[in-house]
$ cat structure12.pdb   # PDB, C-alpha atoms
ATOM      1  CA  ALA A  21      -7.806  -1.058  16.097  1.00  0.00           C
ATOM      2  CA  TYR A  22      -4.609  -1.501  14.113  1.00  0.00           C
ATOM      3  CA  ILE A  23      -1.899   0.629  12.517  1.00  0.00           C
ATOM      4  CA  LEU A  24       0.006  -1.034   9.680  1.00  0.00           C
ATOM      5  CA  ASP A  25       3.300   0.791   9.100  1.00  0.00           C
ATOM      6  CA  LEU A  26       4.464   0.507   5.488  1.00  0.00           C
ATOM      7  CA  ARG A  27       6.740   3.539   5.620  1.00  0.00           C
ATOM      8  CA  SER A  28      10.111   3.061   3.929  1.00  0.00           C
ATOM      9  CA  ASN A  29       9.012  -0.415   2.840  1.00  0.00           C
ATOM     10  CA  PRO A  30      10.339  -0.901  -0.714  1.00  0.00           C
ATOM     11  CA  GLY A  31       7.977  -3.795  -1.371  1.00  0.00           C
ATOM     12  CA  GLY A  32       9.314  -7.208  -2.118  1.00  0.00           C
ATOM     13  CA  LEU A  33       7.460 -10.129  -3.575  1.00  0.00           C
ATOM     14  CA  LEU A  34       4.088  -9.299  -5.105  1.00  0.00           C
ATOM     15  CA  GLN A  35       2.620 -12.544  -3.776  1.00  0.00           C
ATOM     16  CA  ALA A  36       3.528 -11.575  -0.207  1.00  0.00           C
ATOM     17  CA  GLY A  37       1.690  -8.244  -0.562  1.00  0.00           C
ATOM     18  CA  ILE A  38      -1.337 -10.052  -1.978  1.00  0.00           C
ATOM     19  CA  GLU A  39      -1.386 -12.543   0.897  1.00  0.00           C
ATOM     20  CA  ILE A  40      -1.210  -9.737   3.470  1.00  0.00           C
ATOM     21  CA  ALA A  41      -4.102  -7.939   1.723  1.00  0.00           C
ATOM     22  CA  ARG A  42      -6.124 -11.162   1.869  1.00  0.00           C
ATOM     23  CA  GLN A  43      -5.692 -11.225   5.665  1.00  0.00           C
ATOM     24  CA  TRP A  44      -7.426  -7.822   5.918  1.00  0.00           C
ATOM     25  CA  LEU A  45     -10.089  -8.136   3.200  1.00  0.00           C
ATOM     26  CA  ASP A  46     -13.245 -10.277   3.127  1.00  0.00           C
ATOM     27  CA  GLY A  47     -13.404 -10.031  -0.637  1.00  0.00           C
ATOM     28  CA  GLY A  48     -12.752  -7.790  -3.593  1.00  0.00           C
ATOM     29  CA  THR A  49      -9.979  -7.076  -6.022  1.00  0.00           C
ATOM     30  CA  ILE A  50      -6.492  -6.533  -4.649  1.00  0.00           C
ATOM     31  CA  VAL A  51      -4.707  -5.505  -7.856  1.00  0.00           C
ATOM     32  CA  TYR A  52      -5.107  -5.610 -11.624  1.00  0.00           C
ATOM     33  CA  THR A  53      -2.344  -6.384 -14.077  1.00  0.00           C
ATOM     34  CA  VAL A  54      -2.717  -4.448 -17.318  1.00  0.00           C
ATOM     35  CA  ASN A  55      -0.744  -4.753 -20.551  1.00  0.00           C
ATOM     36  CA  ARG A  56      -1.015  -2.648 -23.710  1.00  0.00           C
ATOM     37  CA  GLN A  57      -4.107  -4.557 -24.797  1.00  0.00           C
ATOM     38  CA  GLY A  58      -5.971  -4.078 -21.503  1.00  0.00           C
ATOM     39  CA  ILE A  59      -6.584  -6.029 -18.303  1.00  0.00           C
ATOM     40  CA  VAL A  60      -4.693  -9.292 -18.278  1.00  0.00           C
ATOM     41  CA  GLY A  61      -5.591 -10.483 -14.829  1.00  0.00           C
ATOM     42  CA  SER A  62      -6.395  -9.683 -11.265  1.00  0.00           C
ATOM     43  CA  PHE A  63      -5.761 -10.984  -7.794  1.00  0.00           C
ATOM     44  CA  GLU A  64      -8.745 -11.286  -5.500  1.00  0.00           C
ATOM     45  CA  ALA A  65      -9.452 -11.652  -1.788  1.00  0.00           C
ATOM     46  CA  MET A  66     -11.707 -14.659  -1.348  1.00  0.00           C
ATOM     47  CA  ASP A  67     -11.793 -15.685   2.300  1.00  0.00           C
ATOM     48  CA  GLU A  68     -12.932 -14.053   5.493  1.00  0.00           C
ATOM     49  CA  ALA A  69     -10.548 -11.440   6.893  1.00  0.00           C
ATOM     50  CA  LEU A  70      -8.808 -12.142  10.179  1.00  0.00           C
ATOM     51  CA  THR A  71     -10.534  -9.107  11.711  1.00  0.00           C
ATOM     52  CA  ASP A  72     -12.790  -6.230  10.770  1.00  0.00           C
ATOM     53  CA  ASP A  73     -11.369  -3.927  13.446  1.00  0.00           C
ATOM     54  CA  PRO A  74     -10.456  -0.408  12.256  1.00  0.00           C
ATOM     55  CA  LEU A  75      -7.185  -0.099  10.337  1.00  0.00           C
ATOM     56  CA  VAL A  76      -4.950   2.838   9.414  1.00  0.00           C
ATOM     57  CA  VAL A  77      -1.950   2.369   7.111  1.00  0.00           C
ATOM     58  CA  LEU A  78       1.117   4.602   7.348  1.00  0.00           C
ATOM     59  CA  VAL A  79       2.819   5.361   4.003  1.00  0.00           C
ATOM     60  CA  ASP A  80       5.584   7.634   2.738  1.00  0.00           C
ATOM     61  CA  ARG A  81       7.842   8.250  -0.263  1.00  0.00           C
ATOM     62  CA  GLY A  82       9.672   5.025   0.569  1.00  0.00           C
ATOM     63  CA  THR A  83       6.529   2.886   0.309  1.00  0.00           C
ATOM     64  CA  ALA A  84       6.932   1.153  -3.067  1.00  0.00           C
ATOM     65  CA  SER A  85       5.973  -1.765  -5.273  1.00  0.00           C
ATOM     66  CA  ALA A  86       4.191  -4.572  -3.375  1.00  0.00           C
ATOM     67  CA  SER A  87       3.722  -2.251  -0.369  1.00  0.00           C
ATOM     68  CA  GLU A  88       1.957   0.284  -2.597  1.00  0.00           C
ATOM     69  CA  ILE A  89      -0.217  -2.456  -4.026  1.00  0.00           C
ATOM     70  CA  LEU A  90      -1.181  -3.503  -0.488  1.00  0.00           C
ATOM     71  CA  ALA A  91      -1.903   0.101   0.565  1.00  0.00           C
ATOM     72  CA  GLY A  92      -3.923   0.774  -2.593  1.00  0.00           C
ATOM     73  CA  ALA A  93      -5.973  -2.395  -2.148  1.00  0.00           C
ATOM     74  CA  LEU A  94      -6.865  -1.524   1.441  1.00  0.00           C
ATOM     75  CA  GLN A  95      -7.695   2.083   0.530  1.00  0.00           C
ATOM     76  CA  ASP A  96      -9.747   1.328  -2.600  1.00  0.00           C
ATOM     77  CA  ASN A  97     -11.726  -1.423  -0.869  1.00  0.00           C
ATOM     78  CA  GLY A  98     -12.620   0.996   1.945  1.00  0.00           C
ATOM     79  CA  ARG A  99     -10.856  -1.212   4.458  1.00  0.00           C
ATOM     80  CA  ALA A 100      -8.289   1.310   5.714  1.00  0.00           C
ATOM     81  CA  LEU A 101      -7.418   4.979   5.734  1.00  0.00           C
ATOM     82  CA  LEU A 102      -3.918   5.912   4.579  1.00  0.00           C
ATOM     83  CA  VAL A 103      -1.904   8.488   6.527  1.00  0.00           C
ATOM     84  CA  GLY A 104       1.432  10.042   5.627  1.00  0.00           C
ATOM     85  CA  GLU A 105       2.990  11.078   2.341  1.00  0.00           C
ATOM     86  CA  LYS A 106       2.410  10.108  -1.287  1.00  0.00           C
ATOM     87  CA  THR A 107       4.026   6.755  -2.062  1.00  0.00           C
ATOM     88  CA  PHE A 108       6.979   6.168  -4.398  1.00  0.00           C
ATOM     89  CA  GLY A 109       5.176   5.115  -7.586  1.00  0.00           C
ATOM     90  CA  LYS A 110       6.631   1.742  -8.619  1.00  0.00           C
ATOM     91  CA  GLY A 111       3.980  -0.111 -10.569  1.00  0.00           C
ATOM     92  CA  LEU A 112       5.571  -1.939 -13.499  1.00  0.00           C
ATOM     93  CA  ILE A 113       5.854  -5.653 -14.233  1.00  0.00           C
ATOM     94  CA  GLN A 114       9.138  -6.548 -15.849  1.00  0.00           C
ATOM     95  CA  SER A 115      10.500  -9.738 -17.350  1.00  0.00           C
ATOM     96  CA  LEU A 116      14.231 -10.302 -16.939  1.00  0.00           C
ATOM     97  CA  PHE A 117      16.328 -11.973 -19.621  1.00  0.00           C
ATOM     98  CA  ASP A 118      19.919 -13.170 -19.349  1.00  0.00           C
ATOM     99  CA  LEU A 119      21.939 -12.421 -22.472  1.00  0.00           C
ATOM    100  CA  ALA A 120      24.735 -14.578 -23.888  1.00  0.00           C
ATOM    101  CA  ASP A 121      27.440 -12.049 -22.975  1.00  0.00           C
ATOM    102  CA  GLY A 122      26.473 -12.226 -19.287  1.00  0.00           C
ATOM    103  CA  SER A 123      24.487  -9.007 -19.254  1.00  0.00           C
ATOM    104  CA  GLY A 124      20.765  -8.786 -18.701  1.00  0.00           C
ATOM    105  CA  LEU A 125      17.735  -7.104 -20.153  1.00  0.00           C
ATOM    106  CA  ALA A 126      14.623  -5.946 -18.305  1.00  0.00           C
ATOM    107  CA  VAL A 127      11.519  -5.534 -20.459  1.00  0.00           C
ATOM    108  CA  THR A 128       8.352  -3.896 -19.140  1.00  0.00           C
ATOM    109  CA  VAL A 129       5.450  -6.192 -20.006  1.00  0.00           C
ATOM    110  CA  ALA A 130       2.588  -4.746 -17.953  1.00  0.00           C
ATOM    111  CA  LYS A 131       1.675  -2.421 -15.099  1.00  0.00           C
ATOM    112  CA  TYR A 132      -0.301  -2.628 -11.879  1.00  0.00           C
ATOM    113  CA  GLU A 133      -3.532  -0.770 -11.161  1.00  0.00           C
ATOM    114  CA  THR A 134      -5.367  -0.509  -7.862  1.00  0.00           C
ATOM    115  CA  PRO A 135      -8.907  -1.933  -7.539  1.00  0.00           C
ATOM    116  CA  ASN A 136     -10.285   1.483  -8.615  1.00  0.00           C
ATOM    117  CA  HIS A 137      -8.021   1.353 -11.712  1.00  0.00           C
ATOM    118  CA  ARG A 138      -5.565   3.952 -10.451  1.00  0.00           C
ATOM    119  CA  ASP A 139      -2.200   3.677 -12.188  1.00  0.00           C
ATOM    120  CA  ILE A 140       0.524   3.505  -9.533  1.00  0.00           C
ATOM    121  CA  HIS A 141       3.609   3.963 -11.713  1.00  0.00           C
ATOM    122  CA  LYS A 142       5.319   7.353 -11.288  1.00  0.00           C
ATOM    123  CA  LEU A 143       2.107   8.663  -9.679  1.00  0.00           C
ATOM    124  CA  GLY A 144       2.152   6.899  -6.334  1.00  0.00           C
ATOM    125  CA  ILE A 145      -0.820   6.729  -4.015  1.00  0.00           C
ATOM    126  CA  VAL A 146      -2.039   9.822  -2.199  1.00  0.00           C
ATOM    127  CA  PRO A 147      -2.999   9.129   1.422  1.00  0.00           C
ATOM    128  CA  ASP A 148      -6.410  10.060   2.808  1.00  0.00           C
ATOM    129  CA  LYS A 149      -4.677  12.297   5.352  1.00  0.00           C
ATOM    130  CA  GLU A 150      -1.404  13.850   4.255  1.00  0.00           C
ATOM    131  CA  VAL A 151       1.036  14.402   7.102  1.00  0.00           C
ATOM    132  CA  ALA A 152       4.706  15.228   6.572  1.00  0.00           C
ATOM    133  CA  LEU A 153       7.211  13.486   8.802  1.00  0.00           C
ATOM    134  CA  ASP A 154       9.961  15.533  10.343  1.00  0.00           C
ATOM    135  CA  PRO A 155      13.282  13.678  10.378  1.00  0.00           C
ATOM    136  CA  ILE A 156      13.348  11.609  13.557  1.00  0.00           C
ATOM    137  CA  SER A 157      15.561   8.832  14.828  1.00  0.00           C
ATOM    138  CA  ARG A 158      14.472   5.225  14.468  1.00  0.00           C
ATOM    139  CA  ASP A 159      13.884   4.884  18.219  1.00  0.00           C
ATOM    140  CA  ARG A 160      11.304   7.696  18.083  1.00  0.00           C
ATOM    141  CA  LEU A 161       9.086   6.017  15.479  1.00  0.00           C
ATOM    142  CA  ALA A 162       5.618   5.174  16.828  1.00  0.00           C
ATOM    143  CA  THR A 163       6.060   7.584  19.752  1.00  0.00           C
ATOM    144  CA  GLU A 164       4.744  11.064  20.530  1.00  0.00           C
ATOM    145  CA  PHE A 165       7.574  12.430  18.319  1.00  0.00           C
ATOM    146  CA  ASP A 166       6.191  10.656  15.221  1.00  0.00           C
ATOM    147  CA  ARG A 167       3.621  13.049  13.677  1.00  0.00           C
ATOM    148  CA  GLN A 168       2.289  10.473  11.200  1.00  0.00           C
ATOM    149  CA  TYR A 169       1.790   7.852  13.892  1.00  0.00           C
ATOM    150  CA  GLN A 170       0.058  10.404  16.117  1.00  0.00           C
ATOM    151  CA  ALA A 171      -2.254  11.391  13.234  1.00  0.00           C
ATOM    152  CA  ALA A 172      -3.143   7.703  12.767  1.00  0.00           C
ATOM    153  CA  LEU A 173      -3.924   7.380  16.480  1.00  0.00           C
ATOM    154  CA  ASP A 174      -6.085  10.507  16.353  1.00  0.00           C
ATOM    155  CA  LEU A 175      -8.101   9.011  13.480  1.00  0.00           C
ATOM    156  CA  LEU A 176      -8.597   5.751  15.350  1.00  0.00           C
ATOM    157  CA  ILE A 177      -9.770   7.575  18.473  1.00  0.00           C
ATOM    158  CA  ASP A 178     -12.374   9.590  16.509  1.00  0.00           C
ATOM    159  CA  PRO A 179     -15.620   7.530  16.694  1.00  0.00           C
ATOM    160  CA  LYS A 180     -16.885   8.915  13.360  1.00  0.00           C
ATOM    161  CA  VAL A 181     -13.730   7.741  11.594  1.00  0.00           C
ATOM    162  CA  VAL A 182     -13.659   4.362  13.311  1.00  0.00           C
ATOM    163  CA  ALA A 183     -17.241   3.694  12.250  1.00  0.00           C
ATOM    164  CA  GLY A 184     -16.498   4.697   8.655  1.00  0.00           C
ATOM    165  CA  VAL A 185     -13.207   2.863   8.091  1.00  0.00           C
ATOM    166  CA  HIS A 186     -14.930  -0.362   7.041  1.00  0.00           C
TER     167      HIS A 186
END
$ encode --input "structure12.pdb" --output "structure tokens"
Amino acid sequence: AYILDLRSNPGGLLQAGIEIARQWLDGGTIVYTVNRQGIVGSFEAMDEALTDDPLVVLVDRGTASASEILAGALQDNGRALLVGEKTFGKGLIQSLFDLADGSGLAVTVAKYETPNHRDIHKLGIVPDKEVALDPISRDRLATEFDRQYQAALDLLIDPKVVAGVH
């Protein structure tokens, strides 16, 4: 079994999140891009996943953007359970323009939706099992002092959950 820790991960490149999702999914939609007129496109998982072993994903208020897209794809496709706190809620696609005076302009052109058409922006993703994390030092993450990590372990030990994670 695996625990994928996306806590305090602000995202990064969308394509990187999509490629990581493809490593865990045999098929299905990873994310939709939607503009004012409707669905513009989607990214799909097309190959065989690296493993079908049980997976739990840890998320929190710092999980944003491409990390949220990854978490939402794994949750909506029934591939993983999410544990932790509601994610940040960053789900917009922006185009950046350089202006002649040296300033810039960011224009929102679309938004992201999970495979089940859940809007991420300002709403975040609610985990399957909500567990608050008490402030702990970095060296105590993924130890007995980390309540979210312990909740993920408990889920993976439960045979009913392990059988149902796929």
$ residues_around --input "structure12.pdb" --residues "region 69-83 of chain A" --least-positions-apart "6" --cutoff "8 Å" --atoms "only C-alpha atoms" --output "PyMOL selection string"
chain A and resi 21-31+42-46+91+99-108+147+168-169+172+176+182-183+185-186
$ residues_around --input "structure12.pdb" --residues "region 135-143 of chain A" --least-positions-apart "6" --cutoff "7 Å" --atoms "only C-alpha atoms" --output "list in words"
Thr49, Ile50, Val51, Tyr52, Ala93, Asp96, Gly109, Lys110, Gly111 and Leu112 of chain A
$ atom_distance --input "structure12.pdb" --atom1 "CA of Thr128 (chain A)" --atom2 "CA of Gly92 (chain A)"
21.1 Å
$ resolve_selection --input "structure12.pdb" --expression "the PyMOL selection byres ((chain A and resi 47) around 7)" --output "PyMOL selection string"
chain A and resi 45-46+48+64-67
$ resolve_selection --input "structure12.pdb" --expression "the PyMOL selection byres ((chain A and resi 113-120) around 12)" --output "PyMOL selection string"
chain A and resi 33-34+52-55+60+85-86+110-112+121-133+140-141
$ atom_distance --input "structure12.pdb" --atom1 "CA of Phe63 (chain A)" --atom2 "CA of Ile145 (chain A)"
18.8 Å
$ atom_distance --input "structure12.pdb" --atom1 "CA of Gln35 (chain A)" --atom2 "CA of Asp148 (chain A)"
25.2 Å
$ closest_residue --input "structure12.pdb" --among "A:Arg167, A:Ile38, A:Ala162, A:Glu150" --to "Ser62 (chain A)" --atoms "all atoms listed in the file"
A:Ile38
$ build_atoms --input "structure12.pdb" --residues "region 92-103 of chain A" --atoms "all heavy atoms" --output "PDB file, keeping the file's coordinate frame"
ATOM      1  N   GLY A  92      -2.865   0.421  -1.644  1.00  0.00           N
ATOM      2  CA  GLY A  92      -3.923   0.774  -2.593  1.00  0.00           C
ATOM      3  C   GLY A  92      -5.124  -0.146  -2.494  1.00  0.00           C
ATOM      4  O   GLY A  92      -6.268   0.296  -2.599  1.00  0.00           O
ATOM      5  N   ALA A  93      -4.876  -1.431  -2.281  1.00  0.00           N
ATOM      6  CA  ALA A  93      -5.973  -2.395  -2.148  1.00  0.00           C
ATOM      7  C   ALA A  93      -6.805  -2.097  -0.907  1.00  0.00           C
ATOM      8  O   ALA A  93      -8.040  -2.116  -0.955  1.00  0.00           O
ATOM      9  CB  ALA A  93      -5.418  -3.818  -2.083  1.00  0.00           C
ATOM     10  N   LEU A  94      -6.141  -1.805   0.196  1.00  0.00           N
ATOM     11  CA  LEU A  94      -6.865  -1.524   1.441  1.00  0.00           C
ATOM     12  C   LEU A  94      -7.622  -0.204   1.351  1.00  0.00           C
ATOM     13  O   LEU A  94      -8.748  -0.088   1.838  1.00  0.00           O
ATOM     14  CB  LEU A  94      -5.891  -1.527   2.622  1.00  0.00           C
ATOM     15  CG  LEU A  94      -5.218  -2.875   2.902  1.00  0.00           C
ATOM     16  CD1 LEU A  94      -4.149  -2.729   3.979  1.00  0.00           C
ATOM     17  CD2 LEU A  94      -6.233  -3.938   3.270  1.00  0.00           C
ATOM     18  N   GLN A  95      -7.027   0.784   0.693  1.00  0.00           N
ATOM     19  CA  GLN A  95      -7.695   2.083   0.530  1.00  0.00           C
ATOM     20  C   GLN A  95      -8.884   1.977  -0.418  1.00  0.00           C
ATOM     21  O   GLN A  95      -9.987   2.413  -0.102  1.00  0.00           O
ATOM     22  CB  GLN A  95      -6.689   3.112   0.016  1.00  0.00           C
ATOM     23  CG  GLN A  95      -7.241   4.524  -0.084  1.00  0.00           C
ATOM     24  CD  GLN A  95      -6.240   5.492  -0.690  1.00  0.00           C
ATOM     25  OE1 GLN A  95      -5.624   5.200  -1.713  1.00  0.00           O
ATOM     26  NE2 GLN A  95      -6.072   6.643  -0.047  1.00  0.00           N
ATOM     27  N   ASP A  96      -8.678   1.394  -1.602  1.00  0.00           N
ATOM     28  CA  ASP A  96      -9.747   1.328  -2.600  1.00  0.00           C
ATOM     29  C   ASP A  96     -10.917   0.454  -2.166  1.00  0.00           C
ATOM     30  O   ASP A  96     -12.053   0.687  -2.570  1.00  0.00           O
ATOM     31  CB  ASP A  96      -9.205   0.815  -3.939  1.00  0.00           C
ATOM     32  CG  ASP A  96      -8.467   1.880  -4.727  1.00  0.00           C
ATOM     33  OD1 ASP A  96      -8.274   2.993  -4.208  1.00  0.00           O
ATOM     34  OD2 ASP A  96      -8.080   1.582  -5.881  1.00  0.00           O
ATOM     35  N   ASN A  97     -10.651  -0.558  -1.361  1.00  0.00           N
ATOM     36  CA  ASN A  97     -11.726  -1.423  -0.869  1.00  0.00           C
ATOM     37  C   ASN A  97     -12.404  -0.851   0.375  1.00  0.00           C
ATOM     38  O   ASN A  97     -13.278  -1.489   0.959  1.00  0.00           O
ATOM     39  CB  ASN A  97     -11.186  -2.829  -0.585  1.00  0.00           C
ATOM     40  CG  ASN A  97     -11.046  -3.644  -1.851  1.00  0.00           C
ATOM     41  OD1 ASN A  97     -12.037  -4.050  -2.444  1.00  0.00           O
ATOM     42  ND2 ASN A  97      -9.812  -3.878  -2.275  1.00  0.00           N
ATOM     43  N   GLY A  98     -12.005   0.355   0.786  1.00  0.00           N
ATOM     44  CA  GLY A  98     -12.620   0.996   1.945  1.00  0.00           C
ATOM     45  C   GLY A  98     -12.293   0.306   3.251  1.00  0.00           C
ATOM     46  O   GLY A  98     -12.992   0.487   4.251  1.00  0.00           O
ATOM     47  N   ARG A  99     -11.213  -0.460   3.257  1.00  0.00           N
ATOM     48  CA  ARG A  99     -10.856  -1.212   4.458  1.00  0.00           C
ATOM     49  C   ARG A  99      -9.988  -0.404   5.411  1.00  0.00           C
ATOM     50  O   ARG A  99      -9.978  -0.636   6.613  1.00  0.00           O
ATOM     51  CB  ARG A  99     -10.132  -2.508   4.060  1.00  0.00           C
ATOM     52  CG  ARG A  99      -9.659  -3.370   5.216  1.00  0.00           C
ATOM     53  CD  ARG A  99     -10.850  -3.831   6.051  1.00  0.00           C
ATOM     54  NE  ARG A  99     -10.427  -4.586   7.217  1.00  0.00           N
ATOM     55  CZ  ARG A  99     -10.205  -4.064   8.421  1.00  0.00           C
ATOM     56  NH1 ARG A  99     -10.332  -2.766   8.624  1.00  0.00           N
ATOM     57  NH2 ARG A  99      -9.845  -4.828   9.431  1.00  0.00           N
ATOM     58  N   ALA A 100      -9.208   0.546   4.870  1.00  0.00           N
ATOM     59  CA  ALA A 100      -8.289   1.310   5.714  1.00  0.00           C
ATOM     60  C   ALA A 100      -8.162   2.729   5.190  1.00  0.00           C
ATOM     61  O   ALA A 100      -8.352   2.995   4.005  1.00  0.00           O
ATOM     62  CB  ALA A 100      -6.908   0.648   5.732  1.00  0.00           C
ATOM     63  N   LEU A 101      -7.817   3.629   6.097  1.00  0.00           N
ATOM     64  CA  LEU A 101      -7.418   4.979   5.734  1.00  0.00           C
ATOM     65  C   LEU A 101      -5.898   5.001   5.667  1.00  0.00           C
ATOM     66  O   LEU A 101      -5.227   4.350   6.465  1.00  0.00           O
ATOM     67  CB  LEU A 101      -7.899   5.989   6.771  1.00  0.00           C
ATOM     68  CG  LEU A 101      -9.414   6.154   6.896  1.00  0.00           C
ATOM     69  CD1 LEU A 101      -9.752   7.080   8.057  1.00  0.00           C
ATOM     70  CD2 LEU A 101     -10.000   6.688   5.597  1.00  0.00           C
ATOM     71  N   LEU A 102      -5.360   5.750   4.709  1.00  0.00           N
ATOM     72  CA  LEU A 102      -3.918   5.912   4.579  1.00  0.00           C
ATOM     73  C   LEU A 102      -3.520   7.261   5.148  1.00  0.00           C
ATOM     74  O   LEU A 102      -4.194   8.275   4.892  1.00  0.00           O
ATOM     75  CB  LEU A 102      -3.493   5.828   3.118  1.00  0.00           C
ATOM     76  CG  LEU A 102      -3.220   4.443   2.539  1.00  0.00           C
ATOM     77  CD1 LEU A 102      -4.351   3.478   2.759  1.00  0.00           C
ATOM     78  CD2 LEU A 102      -2.851   4.532   1.080  1.00  0.00           C
ATOM     79  N   VAL A 103      -2.425   7.271   5.903  1.00  0.00           N
ATOM     80  CA  VAL A 103      -1.904   8.488   6.527  1.00  0.00           C
ATOM     81  C   VAL A 103      -0.421   8.596   6.195  1.00  0.00           C
ATOM     82  O   VAL A 103       0.301   7.598   6.237  1.00  0.00           O
ATOM     83  CB  VAL A 103      -2.086   8.451   8.064  1.00  0.00           C
ATOM     84  CG1 VAL A 103      -1.357   9.604   8.738  1.00  0.00           C
ATOM     85  CG2 VAL A 103      -3.559   8.468   8.435  1.00  0.00           C
TER      86      VAL A 103
END
